[in-house]
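> Before anything else, here's the structure in question.
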Amino acid sequence: MLKLNHVTKTFNPGTVNAKTALDDVSLHINRGDFVSIIGANGAGKSTIMGAIAGEFFTDTGSIILDGEDVTLKPEHKRAKVIGRLFQDPMRGSAPGMTIEENLALAAGKGGWLSMVKKSEKEEFRERLALLGMGLEDRMHQPVGLLSGGQRQALTLMMATFNAPKLLLLDEHTAALDPATVEKVLDITKKVVEENSITCLMVTHNMQTALELGNRTLMMNAGKVIYDAAGEERAKLQVSDLLVLFKEAAGRALDNDRILLS
Amino acid sequence: MSLASFPGIIQTALELGLISSLTVLALFLSYSMLNVCDLSTDGCFTLGAAVGAVVAIAGHPLLSIPAAMLAGVLSGFVTAFLQTKMGINSLLSGIIVNTGLYSVTIGIMGGSSLLSMNKTETVFTAVKSLTENTFLGPYFKLIVAVIAVALVTAFLSVFLRTKLGLAIRATGNNPDMVRSSSINTTFTTIVGLCVANSFTALSGCLLAQSQKSVNIDIGSGMVTVALASLLIGGIFAGKKGGITARAIGAVLGAFIFRFVYAIALRFNMPAFMLKLVSSVIVIIAISAPYLKSRFPDFKRRMQHKKTMKKAEKEAEQC
């Protein structure tokens, strides 16, 4: 389904700020997989999402999505088959436009000069009702009036409106309060399962990383250092992850010591 | 000022207001919707005036309208291309195009900076000969202006509801979201500025033909005047109103601006004050919401000073 072959990305190459955010990463993700990705800050989690979404082109390697080479395809073209959510709930919707107008853009039906049809409006209402947030009665309100959780749930709905091949969740619950996190994660699970979408989710919450999905990756210094699925993952505890985490961090520390000595 | 001249003032203000409201509607699209302050407006206005005049003088009064609008589309395309594909800041690309258009416009007018259309058949004279000897006779200018504004307003209120229109509005509101809806923001910016500038050029074309002459300064300061009108209109339509209401508000703003200006002229305000007045209106309209948001802090500071002084005095007395 998704293949990354020897992908490398260095930001600010040739300067003192040069940072290799992805270091020769190869990854193969199967159709229908729900992969959680964990790792310390700066490990390359968001960069891998950006590389897949096409936010920037990678320096080397290739990215194959559903048999198609998308390595040099621009972001807006990949967006046809990739849905993406960010940590910031404000990023996924246009605050000055109504819920209905936002959904109309996400649905993207009809030609450039077509208007939103009545049947589509009905469909928007039905889908919004599934969120259980009462948004279906606020179709003509600007999105800017919604809370962070409501906006993130709406964005999730918009990103999956046309069942994408791949869904990228970049810490999409990190800015929400605990009760809302649970709700948004529930919705996420439901939407992904119902449409059997292949999904990559970055999270800082190790519990969530183990509970959701069927495969967990740990990243460090631009590499995937741990990859668990199946039985191995089923036995995994948060404490195990923490040990791995510390080991990885310790190695980084050792590297620093070598550099400094 | 006599009461008898009053209807005359209103009619002139209506004519000028409606014609310049086309530029206001252009800014409504580029500034309010696309969130681009298009500083090529002045040059584009003059370009439209010149192209319209040259085509009319060549004997094609009706063709002058589409010709001027096409010139506007080209100008808008260049401005949009510079900011989306060439990495030039949007304000700067407007200024650059504006400067370049000065030469282009004089070139179009055959090297002269002034063209007279005194004996030329224009859209206005065409309508004048149609309505002559009817009760509409004295209002021929108004008729042309009303038709143009009605068509443009109707077009905008439909256009901004289509998928392309929604995408243009979202580009000004949250470009990240537009990209993730698999829409190219370069495309929406280019279309938005092309459409907006075609209205600006139409506005220039009609103004030149209504006053039967075009000079190279006809558009100077137009962007500020139009922005002032747009912001005045915004007071009436509000930001939450529907698209049609806001577009009509923009037209209303242009009329009110011209009307107040005409009244001020009657009270012996010199005509050269127009641009200063519009600058001041734009400053007030844009800074007022900001200052208002700062006011509670200011109040708190004053209050704090007072209580601290009082406490100090009490401490001295003890």
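As shown in the structure tokens, the chain order sets the letters A, B, ...; within each chain, residues go from 1, and ligands are also counted from 1 in the order they appear.
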Write out as a PyMOL selection string the residues lying within 8 Å of Leu47 of chain B, counting only C-alpha atoms and excluding same-chain residues fewer than 6 positions away.
chain B and resi 68+71-72+101+104-105+201+204
> Take the selection from the previous step and output its residues with C-alpha atoms, as a JSON list (two decimals), in the first residue's frame.

[["chain", "number", "residue", "atom", "x", "y", "z"],
["B", 68, "ALA", "CA", -10.95, 47.00, -20.98],
["B", 71, "ALA", "CA", -6.77, 44.20, -20.14],
["B", 72, "GLY", "CA", -7.69, 44.01, -16.45],
["B", 101, "LEU", "CA", 1.50, 49.74, -16.06],
["B", 104, "VAL", "CA", 2.13, 50.39, -20.72],
["B", 105, "THR", "CA", -0.84, 52.73, -20.38],
["B", 201, "ALA", "CA", -10.54, 47.97, -15.37],
["B", 204, "GLY", "CA", -11.84, 52.83, -15.05]]
> Residues of chain A were defined as contacting chain B if any atom lay at most 10 Å from it, counting only C-alpha atoms; please report them as a PDB file with C-alpha atoms, in the first residue's frame.

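Dumped to out_30.pdb:
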ATOM      1  CA  ALA A  53       1.860  14.166   2.360  1.00  0.00           C
ATOM      2  CA  GLU A  55       4.691  19.109   2.094  1.00  0.00           C
ATOM      3  CA  PRO A  74       2.882  18.173  -5.324  1.00  0.00           C
ATOM      4  CA  GLU A  75       0.968  18.273  -2.060  1.00  0.00           C
ATOM      5  CA  HIS A  76      -2.426  19.325  -3.409  1.00  0.00           C
ATOM      6  CA  LYS A  77      -2.393  16.486  -5.941  1.00  0.00           C
ATOM      7  CA  ARG A  78      -1.541  13.865  -3.325  1.00  0.00           C
ATOM      8  CA  ALA A  79      -4.322  15.294  -1.145  1.00  0.00           C
ATOM      9  CA  LYS A  80      -6.831  13.615  -3.469  1.00  0.00           C
ATOM     10  CA  VAL A  81      -5.986  10.295  -1.860  1.00  0.00           C
ATOM     11  CA  ILE A  82      -4.355  11.381   1.410  1.00  0.00           C
ATOM     12  CA  GLY A  83      -6.247  12.906   4.325  1.00  0.00           C
ATOM     13  CA  ARG A  84      -4.240  14.737   6.977  1.00  0.00           C
ATOM     14  CA  LEU A  85      -4.894  16.152  10.443  1.00  0.00           C
ATOM     15  CA  MET A  90      -7.276  25.593  13.612  1.00  0.00           C
ATOM     16  CA  ARG A  91      -5.301  24.312  10.630  1.00  0.00           C
ATOM     17  CA  GLY A  92      -7.838  22.004   9.080  1.00  0.00           C
ATOM     18  CA  SER A  93     -10.804  24.283   8.448  1.00  0.00           C
ATOM     19  CA  ALA A  94     -11.519  27.829   7.285  1.00  0.00           C
ATOM     20  CA  PRO A  95     -12.766  29.812  10.324  1.00  0.00           C
ATOM     21  CA  GLY A  96     -14.511  32.565   8.356  1.00  0.00           C
ATOM     22  CA  MET A  97     -16.669  30.154   6.380  1.00  0.00           C
ATOM     23  CA  GLU A 101     -19.153  25.697   3.078  1.00  0.00           C
ATOM     24  CA  ASN A 102     -16.191  23.920   4.648  1.00  0.00           C
ATOM     25  CA  LEU A 103     -17.798  20.553   4.044  1.00  0.00           C
ATOM     26  CA  ALA A 104     -18.651  21.510   0.468  1.00  0.00           C
ATOM     27  CA  LEU A 105     -14.965  22.172  -0.176  1.00  0.00           C
ATOM     28  CA  ALA A 106     -13.951  18.904   1.456  1.00  0.00           C
ATOM     29  CA  ALA A 107     -16.549  16.929  -0.475  1.00  0.00           C
ATOM     30  CA  GLY A 108     -15.263  18.509  -3.680  1.00  0.00           C
ATOM     31  CA  LYS A 109     -18.128  17.227  -5.776  1.00  0.00           C
ATOM     32  CA  GLY A 110     -19.078  18.656  -9.140  1.00  0.00           C
ATOM     33  CA  GLY A 111     -17.233  21.055 -11.421  1.00  0.00           C
ATOM     34  CA  TRP A 112     -15.615  24.363 -10.526  1.00  0.00           C
ATOM     35  CA  LEU A 113     -18.748  26.351 -11.236  1.00  0.00           C
ATOM     36  CA  SER A 114     -21.226  24.029  -9.556  1.00  0.00           C
ATOM     37  CA  MET A 115     -23.073  24.956  -6.379  1.00  0.00           C
ATOM     38  CA  VAL A 116     -23.818  22.813  -3.356  1.00  0.00           C
ATOM     39  CA  GLN A 141     -22.423  29.159  11.584  1.00  0.00           C
ATOM     40  CA  PRO A 142     -18.829  30.081  10.880  1.00  0.00           C
ATOM     41  CA  THR A 155     -11.637  18.262  10.271  1.00  0.00           C
ATOM     42  CA  MET A 158     -13.669  16.517   6.183  1.00  0.00           C
ATOM     43  CA  ALA A 159     -10.395  14.614   5.721  1.00  0.00           C
TER      44      ALA A 159
END
> If you measure from atom CA of Leu185 of chain A to atom CA of Lys246 of chain A, what distance in Å do you get, rounded to one decimal?
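Atom CA of Lys246 of chain A lies at a distance of 26.9 Å from atom CA of Leu185 of chain A.
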> Please list as a ChimeraX atom specification every residue within 10 Å of Met69 of chain B, counting only C-alpha atoms and excluding residues in the same chain fewer than 6 positions away.
/B:44,47-49,51-52,75,194-205
> Taking N, CA and C atoms for each residue, export the selection above as a PDB file, in the first residue's frame.

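Final file, selection_35.pdb:
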ATOM      1  N   CYS B  44      -4.237  49.486 -12.781  1.00  0.00           N
ATOM      2  CA  CYS B  44      -5.204  48.700 -13.540  1.00  0.00           C
ATOM      3  C   CYS B  44      -6.416  49.552 -13.911  1.00  0.00           C
ATOM      4  N   LEU B  47      -5.346  51.676 -16.725  1.00  0.00           N
ATOM      5  CA  LEU B  47      -5.211  50.818 -17.905  1.00  0.00           C
ATOM      6  C   LEU B  47      -6.575  50.583 -18.545  1.00  0.00           C
ATOM      7  N   GLY B  48      -7.551  50.230 -17.701  1.00  0.00           N
ATOM      8  CA  GLY B  48      -8.902  49.993 -18.207  1.00  0.00           C
ATOM      9  C   GLY B  48      -9.454  51.240 -18.879  1.00  0.00           C
ATOM     10  N   ALA B  49      -9.226  52.392 -18.241  1.00  0.00           N
ATOM     11  CA  ALA B  49      -9.707  53.658 -18.801  1.00  0.00           C
ATOM     12  C   ALA B  49      -9.080  53.898 -20.174  1.00  0.00           C
ATOM     13  N   VAL B  51      -7.528  51.687 -22.298  1.00  0.00           N
ATOM     14  CA  VAL B  51      -7.907  50.698 -23.308  1.00  0.00           C
ATOM     15  C   VAL B  51      -9.327  50.979 -23.802  1.00  0.00           C
ATOM     16  N   GLY B  52     -10.241  51.240 -22.832  1.00  0.00           N
ATOM     17  CA  GLY B  52     -11.624  51.547 -23.195  1.00  0.00           C
ATOM     18  C   GLY B  52     -11.692  52.753 -24.115  1.00  0.00           C
ATOM     19  N   SER B  75      -3.618  42.154 -16.501  1.00  0.00           N
ATOM     20  CA  SER B  75      -2.895  42.830 -15.417  1.00  0.00           C
ATOM     21  C   SER B  75      -2.989  42.016 -14.124  1.00  0.00           C
ATOM     22  N   CYS B 194      -7.500  37.794 -11.341  1.00  0.00           N
ATOM     23  CA  CYS B 194      -7.918  38.097 -12.717  1.00  0.00           C
ATOM     24  C   CYS B 194      -9.332  38.660 -12.728  1.00  0.00           C
ATOM     25  N   VAL B 195     -10.237  38.001 -12.017  1.00  0.00           N
ATOM     26  CA  VAL B 195     -11.630  38.457 -11.983  1.00  0.00           C
ATOM     27  C   VAL B 195     -11.708  39.841 -11.347  1.00  0.00           C
ATOM     28  N   ALA B 196     -11.032  40.009 -10.194  1.00  0.00           N
ATOM     29  CA  ALA B 196     -11.080  41.287  -9.488  1.00  0.00           C
ATOM     30  C   ALA B 196     -10.573  42.413 -10.382  1.00  0.00           C
ATOM     31  N   ASN B 197      -9.448  42.184 -11.047  1.00  0.00           N
ATOM     32  CA  ASN B 197      -8.883  43.259 -11.860  1.00  0.00           C
ATOM     33  C   ASN B 197      -9.707  43.561 -13.098  1.00  0.00           C
ATOM     34  N   SER B 198     -10.476  42.578 -13.579  1.00  0.00           N
ATOM     35  CA  SER B 198     -11.344  42.886 -14.714  1.00  0.00           C
ATOM     36  C   SER B 198     -12.414  43.899 -14.288  1.00  0.00           C
ATOM     37  N   PHE B 199     -12.855  43.810 -13.025  1.00  0.00           N
ATOM     38  CA  PHE B 199     -13.835  44.784 -12.529  1.00  0.00           C
ATOM     39  C   PHE B 199     -13.193  46.161 -12.351  1.00  0.00           C
ATOM     40  N   THR B 200     -11.952  46.168 -11.842  1.00  0.00           N
ATOM     41  CA  THR B 200     -11.248  47.442 -11.675  1.00  0.00           C
ATOM     42  C   THR B 200     -11.110  48.147 -13.024  1.00  0.00           C
ATOM     43  N   ALA B 201     -10.718  47.386 -14.042  1.00  0.00           N
ATOM     44  CA  ALA B 201     -10.538  47.970 -15.371  1.00  0.00           C
ATOM     45  C   ALA B 201     -11.868  48.457 -15.940  1.00  0.00           C
ATOM     46  N   LEU B 202     -12.935  47.678 -15.707  1.00  0.00           N
ATOM     47  CA  LEU B 202     -14.267  48.088 -16.162  1.00  0.00           C
ATOM     48  C   LEU B 202     -14.639  49.414 -15.514  1.00  0.00           C
ATOM     49  N   SER B 203     -14.341  49.527 -14.228  1.00  0.00           N
ATOM     50  CA  SER B 203     -14.624  50.741 -13.481  1.00  0.00           C
ATOM     51  C   SER B 203     -13.904  51.935 -14.113  1.00  0.00           C
ATOM     52  N   GLY B 204     -12.618  51.760 -14.423  1.00  0.00           N
ATOM     53  CA  GLY B 204     -11.843  52.825 -15.047  1.00  0.00           C
ATOM     54  C   GLY B 204     -12.394  53.190 -16.411  1.00  0.00           C
ATOM     55  N   CYS B 205     -12.747  52.167 -17.179  1.00  0.00           N
ATOM     56  CA  CYS B 205     -13.286  52.373 -18.518  1.00  0.00           C
ATOM     57  C   CYS B 205     -14.550  53.231 -18.471  1.00  0.00           C
TER      58      CYS B 205
END
> Write out as a short mmCIF file (atom, residue, chain, number, x, y, z; two decimals) with C-alpha atoms, in the first residue's frame which residues come within 8 Å of segment 267-278 of chain B when counting only C-alpha atoms, dropping same-chain ones fewer than 5 positions away.

data_model
loop_
_atom_site.label_atom_id
_atom_site.label_comp_id
_atom_site.auth_asym_id
_atom_site.auth_seq_id
_atom_site.Cartn_x
_atom_site.Cartn_y
_atom_site.Cartn_z
CA MET B 1 -25.87 75.91 -0.69
CA GLY B 221 -5.19 56.92 -5.17
CA THR B 224 -7.30 53.98 -0.96
CA VAL B 225 -10.58 55.56 -2.03
CA ALA B 228 -12.34 53.50 2.35
CA TYR B 261 -17.51 64.00 -0.35
#
> Leu4 of chain A: which residues within 12 Å, counting only C-alpha atoms, same-chain residues fewer than 2 positions away excluded, as a ChimeraX atom specification?
/A:1-2,6-8,22-30,48-49,51-52,58,60-71,224
> Residues near Ile37 of chain A, anyone? I mean within 9 Å using only C-alpha atoms, not counting same-chain ones fewer than 2 positions away, as a PyMOL selection string.
chain A and resi 35+39+45+200-204+209+215-219
> Enter the distance from atom CA of Lys292 of chain B to atom CA of Ile263 of chain B, in Å, rounded to one decimal.
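Calculated distance between atom CA of Lys292 of chain B and atom CA of Ile263 of chain B is 29.3 Å.
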> Using Å and a single decimal, report how far atom CA of Val55 of chain B sits from atom CA of Lys212 of chain B.
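Going from atom CA of Lys212 of chain B over to atom CA of Val55 of chain B covers 13.3 Å.
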> Write out as a VMD selection string all residues of segment 64-261 of chain A that backbone DSSP assigns to strand (DSSP E or B).
chain A and resid 64 to 65 68 to 69 82 to 85 98 142 166 to 170 198 to 202 215 to 220 223 to 229
> Of the candidates B:Gly241, B:Gly17, B:Gly107, B:Gly234, which shows the shortest atom-to-atom distance to Arg258 of chain B, using only C-alpha atoms?
B:Gly17
> Would you mind writing down, as a VMD selection string, each residue of segment 100-283 of chain B that DSSP on the backbone assigns to alpha helix (DSSP H)?
chain B and resid 100 to 108 123 to 131 140 to 159 163 to 173 175 to 180 185 to 210 222 to 237 243 to 266 274 to 283
> When you look at Val191 of chain A with a cut-off of 9 Å (counting only C-alpha atoms), what residues show up, excluding the ones that are within fewer than 5 positions of it in the same chain? I need them as a ChimeraX atom specification.
/A:156-157,160,186,196-197
> Print the selection's residues with C-alpha atoms to a file, as an mmCIF file, in the first residue's frame.

data_model
loop_
_atom_site.group_PDB
_atom_site.id
_atom_site.type_symbol
_atom_site.label_atom_id
_atom_site.label_comp_id
_atom_site.auth_asym_id
_atom_site.auth_seq_id
_atom_site.Cartn_x
_atom_site.Cartn_y
_atom_site.Cartn_z
ATOM 1 C CA LEU A 156 -11.496 14.504 10.719
ATOM 2 C CA MET A 157 -14.823 14.217 8.975
ATOM 3 C CA THR A 160 -12.215 11.293 5.445
ATOM 4 C CA ASP A 186 -13.369 7.164 19.427
ATOM 5 C CA SER A 196 -11.074 0.503 6.239
ATOM 6 C CA ILE A 197 -8.623 3.357 5.697
#
